[in-house]
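A.B. asks: Dumping the structure here so I can ask a few things about it.
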Amino acid sequence: MRTSTRARNRVFTSFALITSATLFLTACGSGSGDSTGSAAGVAAKSDAIPTTDVVSAVKKDAAAAELLPSGTTRLSLAVSVGGQPPGTSILDDGKTLAGQDVDFANAVAKVLGIKLKTEQASFEAILPALGSGKYDLGVGNFGVTDERRRTIDFVTYINDGQGFATRKDSKLSKVTDLTQLCGLNIATGAGTTFEATLEDSKHLCTDAGKKAYEVQTYSEQGAIWSSLQQGRSDIVMSTINGLRYAVAHQDGVKFLNEFHRLDVGFAFKKGTKLAPAFRAAVNDLIEDGTYARILKKWGTTGSAITKSQISPPEVKTP
């Protein structure tokens, strides 16, 4: 993971775009093609977090469980919390975690016949904590990149990636080249592949004789929407599935396009012996239909994979 040491914009102003008592919609940005967009209102549509039970009926698969290291009965799981569905949120009881990553983790645990000790952790902290041995595995829609594969092992369970969204009054219709964003303010999550992609490519604007775009990173999810509403950001780069969900549940914003597809997986310390068992468990879920039910619940059927892999190479955008 690219854990940036750059200065970050951290905004802690409370923000009221909530689709339920605890759900912040956080994946889109505002803007206009000339970067002068006003802070037009964006209204959230009322919608509850999906709570359909798609996990309890999952049965243990002895063959998959045999692949676990001897004596493995319990693992510690770090979960990044704070995004809109399909990301992980906290239900109204103040303690129950709900999200696509959580469903996949719990389903795999049932296939393997193990218990999970689940803890909340910030997105930026999870991957380094795996390396130190604080957690056995982590979930947080972690894209499998070549850079991350140097220090982290992954077991894939979905294909998501990078995309853009903006306000409906923006002149932008599709972002196929980052030079289209020159001179704009781009909001994104701190420590993400989005931040890394944007920072690594800022030179494209100056190389073309244009004003570089500004990358605005936030650790607080609600701060991204504050940036949108207050006119500080013109566009947001985030997960494809998260953006699609946010746009479908709000007025005044639009999804622009997919920019770069990435496999997403369970994250482990490099050299883990857990990976073969987790890969077998995901493939078991694909075969028995549980996998399809989880994707249907979270509206992500377009991101299905046909087979789980261990740390596959990143497919580069042409």
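By order of appearance in the structure tokens: chains A, B, ..., then residues from 1 within every chain, and ligands from 1 in the order shown.
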Within 9 Å of Glu195 of chain A, counting only C-alpha atoms, which residues qualify if same-chain residues fewer than 4 places away don't, as a PDB file with C-alpha atoms, in the first residue's frame?
C.D. replies:
```
ATOM      1  CA  ARG A   2       1.100   3.516  -0.670  1.00  0.00           C
ATOM      2  CA  SER A   4       1.530   8.710   1.914  1.00  0.00           C
ATOM      3  CA  ALA A 187     -10.858  14.633  -3.848  1.00  0.00           C
ATOM      4  CA  THR A 188      -9.930  11.081  -2.907  1.00  0.00           C
ATOM      5  CA  GLY A 189      -9.202   8.828   0.067  1.00  0.00           C
ATOM      6  CA  ALA A 190      -5.906   9.008   1.931  1.00  0.00           C
ATOM      7  CA  GLY A 191      -3.518   6.091   1.464  1.00  0.00           C
ATOM      8  CA  GLU A 199       0.241  11.835  -7.412  1.00  0.00           C
ATOM      9  CA  ASP A 200       2.377   9.709  -9.725  1.00  0.00           C
ATOM     10  CA  VAL A 215      -4.989  16.150  -5.077  1.00  0.00           C
ATOM     11  CA  GLN A 216      -7.090  16.594  -1.948  1.00  0.00           C
ATOM     12  CA  THR A 217      -6.863  13.578   0.353  1.00  0.00           C
ATOM     13  CA  MET A 237     -11.757   9.464  -7.818  1.00  0.00           C
TER      14      MET A 237
END
```
A.B. asks: Could you give me, as a ChimeraX atom specification, the residues within 12 Å of Thr145 of chain A, counting only C-alpha atoms and dropping anything in the same chain fewer than 4 positions from it?
C.D. replies: /A:1-2,149-154,156,161-162,192-194,196-197,260-265,267,311-316
A.B. asks: Filtering to C-alpha atoms, could you give me those residues as a short mmCIF file (atom, residue, chain, number, x, y, z; two decimals), in the first residue's frame?
C.D. replies:
```
data_model
loop_
_atom_site.label_atom_id
_atom_site.label_comp_id
_atom_site.auth_asym_id
_atom_site.auth_seq_id
_atom_site.Cartn_x
_atom_site.Cartn_y
_atom_site.Cartn_z
CA MET A 1 0.00 0.00 0.00
CA ARG A 2 1.10 3.52 -0.67
CA ARG A 149 2.31 -7.36 -4.02
CA ARG A 150 5.91 -6.66 -3.04
CA THR A 151 4.98 -6.68 0.64
CA ILE A 152 1.47 -8.18 0.83
CA ASP A 153 -0.15 -11.42 -0.35
CA PHE A 154 -3.70 -11.33 -1.68
CA THR A 156 -8.95 -12.27 -4.83
CA GLY A 161 -11.08 -0.64 -9.57
CA GLN A 162 -10.80 3.09 -10.14
CA THR A 192 -5.45 4.63 -1.48
CA THR A 193 -4.45 3.52 -4.97
CA PHE A 194 -6.35 6.58 -6.18
CA ALA A 196 -0.99 7.02 -5.64
CA THR A 197 -2.24 7.11 -9.24
CA HIS A 260 -8.74 1.25 -14.38
CA ARG A 261 -10.00 -2.17 -13.29
CA LEU A 262 -8.30 -3.92 -10.36
CA ASP A 263 -8.74 -7.28 -8.68
CA VAL A 264 -9.65 -6.92 -5.01
CA GLY A 265 -8.67 -9.41 -2.36
CA ALA A 267 -4.82 -9.06 2.35
CA SER A 311 -1.66 -12.28 -5.84
CA PRO A 312 -2.26 -12.09 -9.62
CA PRO A 313 -0.21 -9.49 -11.57
CA GLU A 314 -1.88 -6.12 -12.05
CA VAL A 315 -3.39 -5.70 -15.49
CA LYS A 316 -2.05 -2.39 -16.73
#
```
A.B. asks: For Leu91 of chain A, which of A:Thr51, A:Ser170, A:Ser122, A:Asn141 is the closest residue, counting only C-alpha atoms?
C.D. replies: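 Ranking A:Thr51, A:Ser170, A:Ser122, A:Asn141 by distance to Leu91 of chain A, first place goes to A:Thr51.
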A.B. asks: Do you know which residues are at most 8 Å from Phe123 of chain A counting only C-alpha atoms, after dropping those on the same chain fewer than 4 positions away, and could you put them as a list in words?
C.D. replies: Ser80, Val81, Gly140 and Gly191 of chain A
A.B. asks: Write out as an MDAnalysis selection string which residues come within 9 Å of Ala277 of chain A when counting only C-alpha atoms, dropping same-chain ones fewer than 6 positions away.
C.D. replies: chainID A and resid 63:69 112
A.B. asks: Considering only C-alpha atoms, can you say which of A:Asn106, A:Gln250, A:Asn241, A:Thr166 comes closest to Val282 of chain A?
C.D. replies: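 Closest candidate: A:Asn106.
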